[in-house]
$ cat query.txt   # compact mmCIF, C-alpha atoms
# COMPACT_ATOMS: atom_id res chain seq x y z
CA MET U 253 54.09 85.64 118.72
CA ALA U 254 53.44 83.12 115.94
CA GLY U 255 52.26 84.33 112.57
CA LYS U 256 54.83 83.71 109.88
CA ASP U 257 53.35 83.48 106.38
CA GLY U 258 53.14 79.71 106.26
CA GLN U 259 51.30 79.63 109.57
CA ASP U 260 48.89 82.50 108.88
CA SER U 261 45.95 80.37 107.86
CA ARG U 262 46.35 78.04 110.83
CA ILE U 263 46.57 80.97 113.25
CA GLN U 264 43.58 82.66 111.66
CA LYS U 265 41.44 79.56 112.06
CA ILE U 266 42.58 79.07 115.65
CA SER U 267 41.65 82.65 116.45
CA SER U 268 38.21 82.27 114.86
CA ALA U 269 37.57 79.09 116.80
CA ILE U 270 37.89 80.87 120.14
CA ARG U 271 34.60 82.16 121.52
CA VAL U 272 34.33 85.41 123.51
CA ILE U 273 31.77 85.44 126.33
CA PRO U 274 30.99 88.92 127.65
CA ASP U 275 30.70 89.63 131.35
CA PHE U 276 32.10 86.31 132.59
CA PRO U 277 33.00 85.62 135.36
CA LYS U 278 31.90 89.13 136.20
CA PRO U 279 30.68 92.28 134.42
CA GLY U 280 33.23 93.94 132.17
CA ILE U 281 35.34 90.84 131.53
CA MET U 282 35.37 89.52 127.95
CA PHE U 283 36.12 85.85 128.62
CA GLN U 284 38.21 84.04 126.00
CA ASP U 285 36.61 80.59 125.80
CA ILE U 286 38.91 77.94 124.31
CA THR U 287 36.35 75.14 124.62
CA THR U 288 35.06 75.96 121.12
CA LEU U 289 38.63 75.54 119.85
CA LEU U 290 38.57 72.01 121.30
CA LEU U 291 35.42 71.27 119.29
CA ASP U 292 37.21 72.13 116.05
CA THR U 293 39.37 69.06 115.49
CA LYS U 294 41.58 70.66 112.86
CA ALA U 295 42.11 73.91 114.78
CA PHE U 296 42.88 72.01 117.99
CA ARG U 297 45.32 69.77 116.12
CA ASP U 298 46.95 72.87 114.55
CA THR U 299 47.27 74.51 117.99
CA ILE U 300 49.19 71.55 119.34
CA ASP U 301 51.26 71.23 116.14
CA LEU U 302 52.34 74.89 116.31
CA PHE U 303 53.65 74.40 119.85
CA VAL U 304 55.26 71.03 119.03
CA GLU U 305 57.01 72.47 115.97
CA ARG U 306 58.48 75.22 118.10
CA TYR U 307 59.62 73.07 121.04
CA LYS U 308 60.52 69.66 119.69
CA ASP U 309 64.19 70.42 119.13
CA LYS U 310 64.74 72.56 122.20
CA ASP U 311 65.73 69.70 124.55
CA ILE U 312 62.77 70.24 126.80
CA SER U 313 62.25 67.46 129.31
CA VAL U 314 59.38 68.99 131.30
CA VAL U 315 56.07 70.46 130.22
CA ALA U 316 54.39 72.07 133.23
CA GLY U 317 50.69 72.76 132.76
CA ILE U 318 48.67 75.11 134.93
CA GLU U 319 45.36 73.87 136.32
CA ALA U 320 42.99 73.33 134.72
CA ARG U 321 43.08 74.49 131.10
CA GLY U 322 46.84 73.98 130.95
CA PHE U 323 46.04 70.30 131.49
CA ILE U 324 44.26 70.25 128.12
CA PHE U 325 47.15 71.57 126.03
CA GLY U 326 50.18 70.40 128.02
CA PRO U 327 49.97 66.60 127.81
CA PRO U 328 49.58 66.36 124.01
CA ILE U 329 52.61 68.63 123.64
CA ALA U 330 54.61 66.67 126.22
CA LEU U 331 53.80 63.36 124.55
CA ALA U 332 54.78 64.68 121.12
CA ILE U 333 58.12 66.14 122.21
CA GLY U 334 59.15 63.28 124.51
CA ALA U 335 58.85 65.26 127.73
CA LYS U 336 57.16 64.47 131.00
CA PHE U 337 54.02 66.34 132.03
CA VAL U 338 53.87 68.01 135.43
CA PRO U 339 50.57 69.48 136.67
CA MET U 340 50.76 72.76 138.60
CA ARG U 341 47.71 72.66 140.84
CA LYS U 342 45.51 74.61 143.21
CA PRO U 343 46.10 73.86 146.89
CA ASN U 344 45.30 70.48 148.41
CA LYS U 345 44.77 68.66 145.11
CA LEU U 346 48.15 66.97 144.76
CA PRO U 347 48.69 64.04 147.13
CA GLY U 348 52.02 63.56 148.85
CA GLU U 349 54.76 66.11 149.35
CA VAL U 350 54.43 69.41 147.52
CA ILE U 351 56.05 72.81 147.34
CA SER U 352 53.82 75.87 147.31
CA GLU U 353 54.07 79.33 145.85
CA GLU U 354 51.71 82.13 146.74
CA TYR U 355 50.65 84.70 144.19
CA SER U 356 48.49 87.83 144.12
CA LEU U 357 45.00 88.02 142.77
CA GLU U 358 43.02 91.18 142.11
CA TYR U 359 41.66 90.74 145.64
CA GLY U 360 43.72 88.56 147.94
CA THR U 361 46.11 85.73 147.14
CA ASP U 362 46.07 82.15 145.90
CA LYS U 363 48.56 79.32 145.95
CA MET U 364 50.03 77.03 143.34
CA GLU U 365 51.55 73.63 144.16
CA MET U 366 53.94 71.22 142.49
CA HIS U 367 55.03 67.75 143.56
CA VAL U 368 58.40 67.42 145.25
CA GLY U 369 60.56 65.20 143.04
CA ALA U 370 58.55 65.69 139.85
CA VAL U 371 61.37 67.67 138.30
CA GLU U 372 65.12 67.67 138.86
CA ALA U 373 67.66 70.46 138.98
CA GLY U 374 69.02 71.20 135.54
CA GLU U 375 65.96 70.09 133.60
CA ARG U 376 64.66 72.38 130.86
CA ALA U 377 60.99 73.25 131.15
CA LEU U 378 58.14 74.73 129.16
CA ILE U 379 55.18 76.20 131.04
CA ILE U 380 51.81 76.07 129.31
CA ASP U 381 48.44 77.66 130.00
CA ASP U 382 45.52 78.57 127.77
CA LEU U 383 45.85 82.31 128.36
CA ILE U 384 48.11 84.95 129.90
CA ALA U 385 46.38 87.93 131.49
CA THR U 386 48.35 89.71 134.23
CA GLY U 387 50.99 86.99 134.30
CA GLY U 388 50.56 86.32 138.02
CA THR U 389 49.88 82.60 137.63
CA LEU U 390 52.71 82.08 135.18
CA CYS U 391 55.12 83.91 137.46
CA ALA U 392 54.17 81.59 140.31
CA ALA U 393 54.82 78.59 138.08
CA ILE U 394 58.20 80.00 137.05
CA ARG U 395 59.15 80.52 140.68
CA LEU U 396 58.14 76.98 141.64
CA LEU U 397 60.28 75.46 138.92
CA GLU U 398 63.25 77.74 139.51
CA ARG U 399 63.16 77.00 143.25
CA VAL U 400 64.07 73.40 142.44
CA GLY U 401 66.78 74.36 139.96
CA VAL U 402 64.89 73.93 136.71
CA HIS U 403 65.62 76.20 133.74
CA VAL U 404 62.39 77.64 132.37
CA VAL U 405 63.02 77.90 128.63
CA GLU U 406 59.73 79.61 127.73
CA CYS U 407 56.13 80.20 128.72
CA ALA U 408 53.58 79.33 126.07
CA CYS U 409 49.92 80.31 125.86
CA VAL U 410 47.27 80.09 123.19
CA ILE U 411 46.02 83.62 123.94
CA GLU U 412 47.59 86.82 125.27
CA LEU U 413 45.67 89.81 126.62
CA PRO U 414 48.31 92.43 125.83
CA GLU U 415 46.65 95.32 127.63
CA LEU U 416 47.15 93.50 130.95
CA LYS U 417 50.93 93.55 130.42
CA GLY U 418 51.59 89.98 131.50
CA ARG U 419 54.56 89.79 129.13
CA GLU U 420 56.33 92.53 131.09
CA ARG U 421 55.60 90.80 134.38
CA LEU U 422 57.45 87.71 133.14
CA GLY U 423 60.58 89.81 132.98
CA ASP U 424 63.40 87.99 131.28
CA LYS U 425 61.36 84.83 130.66
CA PRO U 426 60.33 84.54 127.01
CA LEU U 427 56.65 84.28 126.17
CA PHE U 428 55.24 82.65 123.05
CA VAL U 429 51.56 83.03 122.15
CA LEU U 430 49.47 82.13 119.14
CA VAL U 431 46.79 84.83 119.20
CA ASN U 432 45.91 88.15 120.79
CA GLY U 433 42.65 88.39 122.64
CA ALA U 434 42.01 91.99 121.93
CA MET O 1334 35.95 45.20 131.92
CA PHE O 1335 39.65 45.14 132.49
CA ALA O 1336 41.98 45.42 129.52
CA ALA O 1337 43.85 42.29 130.57
CA GLU O 1338 40.67 40.24 130.21
CA ASN O 1339 39.79 41.88 126.93
CA GLY O 1340 42.55 41.34 124.42
CA LEU O 1341 45.54 42.67 126.32
CA LYS O 1342 46.32 39.72 128.58
CA GLY O 1343 50.03 39.66 129.35
CA ASP O 1344 50.62 42.95 127.58
CA PRO O 1345 53.82 44.27 129.21
CA ARG O 1346 52.63 47.82 128.75
CA LEU O 1347 49.92 47.26 131.36
CA GLN O 1348 52.39 46.17 134.01
CA ALA O 1349 54.59 49.20 133.35
CA ILE O 1350 51.56 51.48 133.55
CA SER O 1351 50.51 49.92 136.85
CA GLN O 1352 53.98 50.28 138.30
CA ALA O 1353 54.21 53.90 137.25
CA ILE O 1354 51.23 54.79 139.40
CA ARG O 1355 52.09 55.90 142.94
CA VAL O 1356 50.01 55.05 145.97
CA VAL O 1357 49.74 57.77 148.60
CA PRO O 1358 48.24 56.46 151.86
CA HIS O 1359 45.68 58.43 153.83
CA PHE O 1360 44.94 61.03 151.18
CA PRO O 1361 42.70 62.96 151.12
CA LYS O 1362 41.76 61.43 154.47
CA PRO O 1363 42.76 58.50 156.73
CA GLY O 1364 42.05 55.08 155.27
CA ILE O 1365 42.11 56.12 151.60
CA MET O 1366 44.95 54.72 149.48
CA PHE O 1367 45.12 57.40 146.82
CA GLN O 1368 46.08 56.24 143.34
CA ASP O 1369 48.33 59.02 142.04
CA ILE O 1370 48.63 59.17 138.26
CA THR O 1371 51.02 62.12 138.25
CA THR O 1372 53.93 59.68 138.40
CA LEU O 1373 52.54 57.95 135.32
CA MET O 1374 52.81 61.26 133.47
CA LEU O 1375 56.46 61.56 134.49
CA ASP O 1376 57.16 58.27 132.67
CA HIS O 1377 56.94 59.29 129.03
CA LYS O 1378 56.79 55.76 127.65
CA ALA O 1379 54.16 54.58 130.13
CA PHE O 1380 52.08 57.72 129.59
CA LYS O 1381 52.31 57.31 125.82
CA ASP O 1382 51.39 53.63 126.11
CA THR O 1383 48.34 54.54 128.19
CA VAL O 1384 47.09 56.90 125.50
CA ASP O 1385 48.00 54.46 122.70
CA ILE O 1386 46.02 51.61 124.28
CA PHE O 1387 42.90 53.78 124.42
CA VAL O 1388 43.50 55.13 120.91
CA ASP O 1389 43.91 51.63 119.47
CA ARG O 1390 40.65 50.59 121.06
CA TYR O 1391 38.57 53.61 120.03
CA ARG O 1392 39.91 54.75 116.67
CA ASP O 1393 37.52 52.68 114.56
CA MET O 1394 34.40 53.03 116.69
CA GLY O 1395 33.02 56.14 114.95
CA ILE O 1396 33.48 58.23 118.09
CA SER O 1397 33.18 61.95 117.47
CA VAL O 1398 33.25 63.18 121.11
CA VAL O 1399 35.70 62.51 123.92
CA ALA O 1400 34.27 63.92 127.17
CA GLY O 1401 36.84 64.31 129.94
CA VAL O 1402 35.94 64.77 133.58
CA GLU O 1403 37.66 67.65 135.38
CA ALA O 1404 40.50 67.72 136.15
CA ARG O 1405 42.45 64.49 135.66
CA GLY O 1406 40.24 63.48 132.74
CA PHE O 1407 41.70 66.55 131.02
CA MET O 1408 45.15 64.98 131.19
CA PHE O 1409 44.18 61.92 129.13
CA GLY O 1410 41.16 62.94 127.07
CA PRO O 1411 42.60 65.51 124.66
CA SER O 1412 45.44 63.28 123.47
CA ILE O 1413 42.96 60.51 122.74
CA ALA O 1414 40.58 62.93 121.01
CA LEU O 1415 43.35 64.33 118.81
CA ALA O 1416 44.50 60.86 117.77
CA ILE O 1417 41.05 59.54 116.87
CA GLY O 1418 39.84 62.75 115.20
CA ALA O 1419 37.20 63.52 117.81
CA LYS O 1420 36.38 66.74 119.55
CA PHE O 1421 37.22 67.15 123.23
CA VAL O 1422 34.48 68.28 125.59
CA PRO O 1423 35.41 69.19 129.18
CA LEU O 1424 32.93 68.19 131.88
CA ARG O 1425 33.48 70.65 134.68
CA LYS O 1426 32.71 71.55 138.27
CA PRO O 1427 30.05 74.25 138.67
CA ARG O 1428 30.60 77.78 137.40
CA LYS O 1429 33.83 77.08 135.54
CA LEU O 1430 32.37 76.92 132.05
CA PRO O 1431 31.34 80.31 130.63
CA GLY O 1432 28.13 80.69 128.68
CA GLU O 1433 25.16 78.35 128.69
CA VAL O 1434 25.57 75.00 130.42
CA ILE O 1435 23.52 72.02 131.50
CA SER O 1436 24.10 70.59 134.97
CA GLU O 1437 23.81 67.14 136.49
CA ALA O 1438 23.96 66.54 140.23
CA TYR O 1439 25.52 63.46 141.73
CA VAL O 1440 25.91 61.99 145.16
CA LEU O 1441 29.12 62.13 147.21
CA GLU O 1442 29.88 60.28 150.39
CA TYR O 1443 28.61 63.35 152.20
CA GLY O 1444 26.40 65.68 150.19
CA THR O 1445 26.20 66.22 146.46
CA ASP O 1446 28.21 67.83 143.68
CA CYS O 1447 27.46 68.91 140.14
CA LEU O 1448 28.97 68.33 136.72
CA GLU O 1449 28.41 70.79 133.88
CA MET O 1450 28.68 70.65 130.11
CA HIS O 1451 28.33 73.38 127.51
CA VAL O 1452 25.05 73.60 125.64
CA GLY O 1453 25.80 72.97 121.98
CA ALA O 1454 29.10 71.16 122.51
CA VAL O 1455 27.57 67.83 121.56
CA GLN O 1456 24.89 67.12 118.92
CA PRO O 1457 22.15 64.49 119.11
CA GLY O 1458 23.28 61.22 117.62
CA GLU O 1459 26.98 61.76 118.26
CA ARG O 1460 28.91 58.80 119.62
CA ALA O 1461 30.83 59.66 122.79
CA LEU O 1462 33.58 58.27 124.98
CA VAL O 1463 33.79 59.38 128.62
CA ILE O 1464 37.26 59.45 130.15
CA ASP O 1465 38.55 59.90 133.69
CA ASP O 1466 41.70 58.75 135.48
CA LEU O 1467 39.91 56.51 137.95
CA VAL O 1468 36.48 55.02 138.67
CA ALA O 1469 35.53 54.36 142.29
CA THR O 1470 31.79 54.33 142.99
CA GLY O 1471 30.96 55.46 139.47
CA GLY O 1472 28.98 58.47 140.69
CA THR O 1473 30.89 61.01 138.61
CA LEU O 1474 30.88 58.84 135.49
CA SER O 1475 27.15 58.24 135.88
CA ALA O 1476 26.58 61.99 135.96
CA ALA O 1477 28.73 62.34 132.83
CA ILE O 1478 26.70 59.66 131.05
CA ARG O 1479 23.45 61.40 132.01
CA LEU O 1480 24.69 64.77 130.71
CA LEU O 1481 25.60 63.32 127.33
CA GLU O 1482 22.39 61.31 127.04
CA ARG O 1483 20.30 64.33 127.92
CA VAL O 1484 21.51 66.02 124.74
CA GLY O 1485 20.90 62.93 122.67
CA ALA O 1486 24.44 61.60 122.40
CA GLU O 1487 25.15 57.88 122.55
CA VAL O 1488 27.75 56.97 125.17
CA VAL O 1489 29.72 54.16 123.56
CA GLU O 1490 31.96 53.44 126.56
CA CYS O 1491 33.48 54.87 129.73
CA ALA O 1492 37.25 54.53 129.95
CA CYS O 1493 39.48 54.87 133.00
CA VAL O 1494 43.11 54.13 133.71
CA ILE O 1495 42.31 52.66 137.15
CA GLY O 1496 39.25 50.83 138.46
CA LEU O 1497 38.64 50.41 142.17
CA PRO O 1498 37.28 47.18 143.68
CA GLU O 1499 33.72 48.50 143.74
CA VAL O 1500 33.59 48.11 139.97
CA LYS O 1501 35.57 44.90 139.67
CA GLY O 1502 33.45 42.29 138.00
CA GLN O 1503 31.17 44.92 136.52
CA CYS O 1504 31.45 45.31 132.82
CA ARG O 1505 28.87 48.05 132.72
CA LEU O 1506 28.11 51.27 134.52
CA ASN O 1507 24.48 52.39 134.32
CA GLY O 1508 24.15 50.09 131.34
CA LYS O 1509 27.22 51.53 129.61
CA PRO O 1510 30.35 49.48 129.01
CA LEU O 1511 33.29 50.30 131.25
CA TYR O 1512 36.89 49.76 130.11
CA ILE O 1513 39.70 49.90 132.65
CA LEU O 1514 43.45 49.42 132.21
CA VAL O 1515 44.64 48.48 135.70
CA GLU O 1516 43.54 47.71 139.23
CA PRO O 1517 44.68 49.85 142.15
CA ARG O 1518 48.16 49.23 143.41
CA GLU O 1519 48.71 48.18 146.97
CA ILE O 1520 51.43 49.83 148.95
CA ASP O 1521 54.08 47.47 150.24
CA ASN O 1522 54.47 48.83 153.70
CA CYS O 1523 51.34 50.58 154.72
CA CYS O 1524 51.51 52.79 157.77

$ encode --input "query.txt" --output "structure tokens"
Amino acid sequence: MAGKDGQDSRIQKISSAIRVIPDFPKPGIMFQDITTLLLDTKAFRDTIDLFVERYKDKDISVVAGIEARGFIFGPPIALAIGAKFVPMRKPNKLPGEVISEEYSLEYGTDKMEMHVGAVEAGERALIIDDLIATGGTLCAAIRLLERVGVHVVECACVIELPELKGRERLGDKPLFVLVNGA
Amino acid sequence: MFAAENGLKGDPRLQAISQAIRVVPHFPKPGIMFQDITTLMLDHKAFKDTVDIFVDRYRDMGISVVAGVEARGFMFGPSIALAIGAKFVPLRKPRKLPGEVISEAYVLEYGTDCLEMHVGAVQPGERALVIDDLVATGGTLSAAIRLLERVGAEVVECACVIGLPEVKGQCRLNGKPLYILVEPREIDNCC
């Protein structure tokens, strides 16, 4: 988790810029809405800078962003650190040849897809999404990349919901987050 | 208008951007030559050049809002917004945005769809840029323009990486200027 002294004020402002919407998408869920963060130009800039500072010297050649909010944070990071951006998408969105990974939802399953040939064996990757809850989606992304021989260096999210234990589900894969959505 | 006719004639970056885009025939259905920008995002220099060309154009236009159309508009919009000091506003498919939204319907080939924007994301009088990866019929962009205008924003321009033949020769979409980097690529050996 970020939060060293010098970053405290940036983290604090990022946290305050995130809006909580009760009972969305269904009763009992406190939805962490990052769109208000995107309206705060300084806080959005700081969010990207915090990730770029952490990853720019880690030899990362791939930033994989999970549809759709991972598409908002991933490309600015990729551009700043000299990496390519690879979208990890819901089924039937990516044209051409894909590989698929199924993952569990609360009820039922879903699938995540990545383009064949987007990444090469031996590349070092960062996976980015706006939030980690149970970790199911991130685990699917890790599996997709590892299936083609990529080394997943870290998973990065703006927000973690610690009570859902996503960090444990990632196992030996490191997780870096900026704020807790308590 | 196309970038090559508007100050960037012969700019080598445009050719590299065009060549980085992959054409996938018969997706999502037979007869459609899908312009795939994911390969552009694998080419760091071409991707950066794409963003830089938009940033150079928009940085001094007093734009405070970049509105990106889900989902591929999300891949280009935020980088532009960050560079020009604007906020990024996602325009989304129905029921994705939490909280209070306004909706605008638009026509598809068969049926209709809806685009939504958060209430309060944009203030009256703000100057906005709309961004998407590609413009075909202009239906989605028109809906985006209407959403922003309904809350009193001024849409300065619509920007897309690729513009299909339907818009070639048009400088404006619903009265708004349209700025496009490249035309669609043809595939060499089409099945």

$ residues_near_point --input "query.txt" --point "(63.6, 89.1, 132.1)" --cutoff "12 Å" --atoms "all atoms listed in the file" --output "tab-separated table (two decimals) with C-alpha atoms, keeping the file's coordinate frame"
chain	number	residue	atom	x	y	z
U	391	CYS	CA	55.12	83.91	137.46
U	394	ILE	CA	58.20	80.00	137.05
U	404	VAL	CA	62.39	77.64	132.37
U	405	VAL	CA	63.02	77.90	128.63
U	406	GLU	CA	59.73	79.61	127.73
U	419	ARG	CA	54.56	89.79	129.13
U	420	GLU	CA	56.33	92.53	131.09
U	421	ARG	CA	55.60	90.80	134.38
U	422	LEU	CA	57.45	87.71	133.14
U	423	GLY	CA	60.58	89.81	132.98
U	424	ASP	CA	63.40	87.99	131.28
U	425	LYS	CA	61.36	84.83	130.66
U	426	PRO	CA	60.33	84.54	127.01
U	427	LEU	CA	56.65	84.28	126.17

$ atom_distance --input "query.txt" --atom1 "CA of Leu397 (chain U)" --atom2 "CA of Lys1378 (chain O)"
23.0 Å

$ interface_residues --input "query.txt" --of "chain O" --to "chain U" --cutoff "6 Å" --atoms "only C-alpha atoms" --output "PyMOL selection string"
chain O and resi 1374-1375+1377+1407-1408+1412+1420-1421

$ atom_distance --input "query.txt" --atom1 "CA of Met364 (chain U)" --atom2 "CA of Lys1426 (chain O)"
18.9 Å

$ closest_residue --input "query.txt" --among "O:Pro1427, O:Pro1363, O:Gly1418, O:Gly1410" --to "Val1494 (chain O)" --atoms "only C-alpha atoms"
O:Gly1410

$ atom_distance --input "query.txt" --atom1 "CA of Leu430 (chain U)" --atom2 "CA of Ala316 (chain U)"
18.0 Å
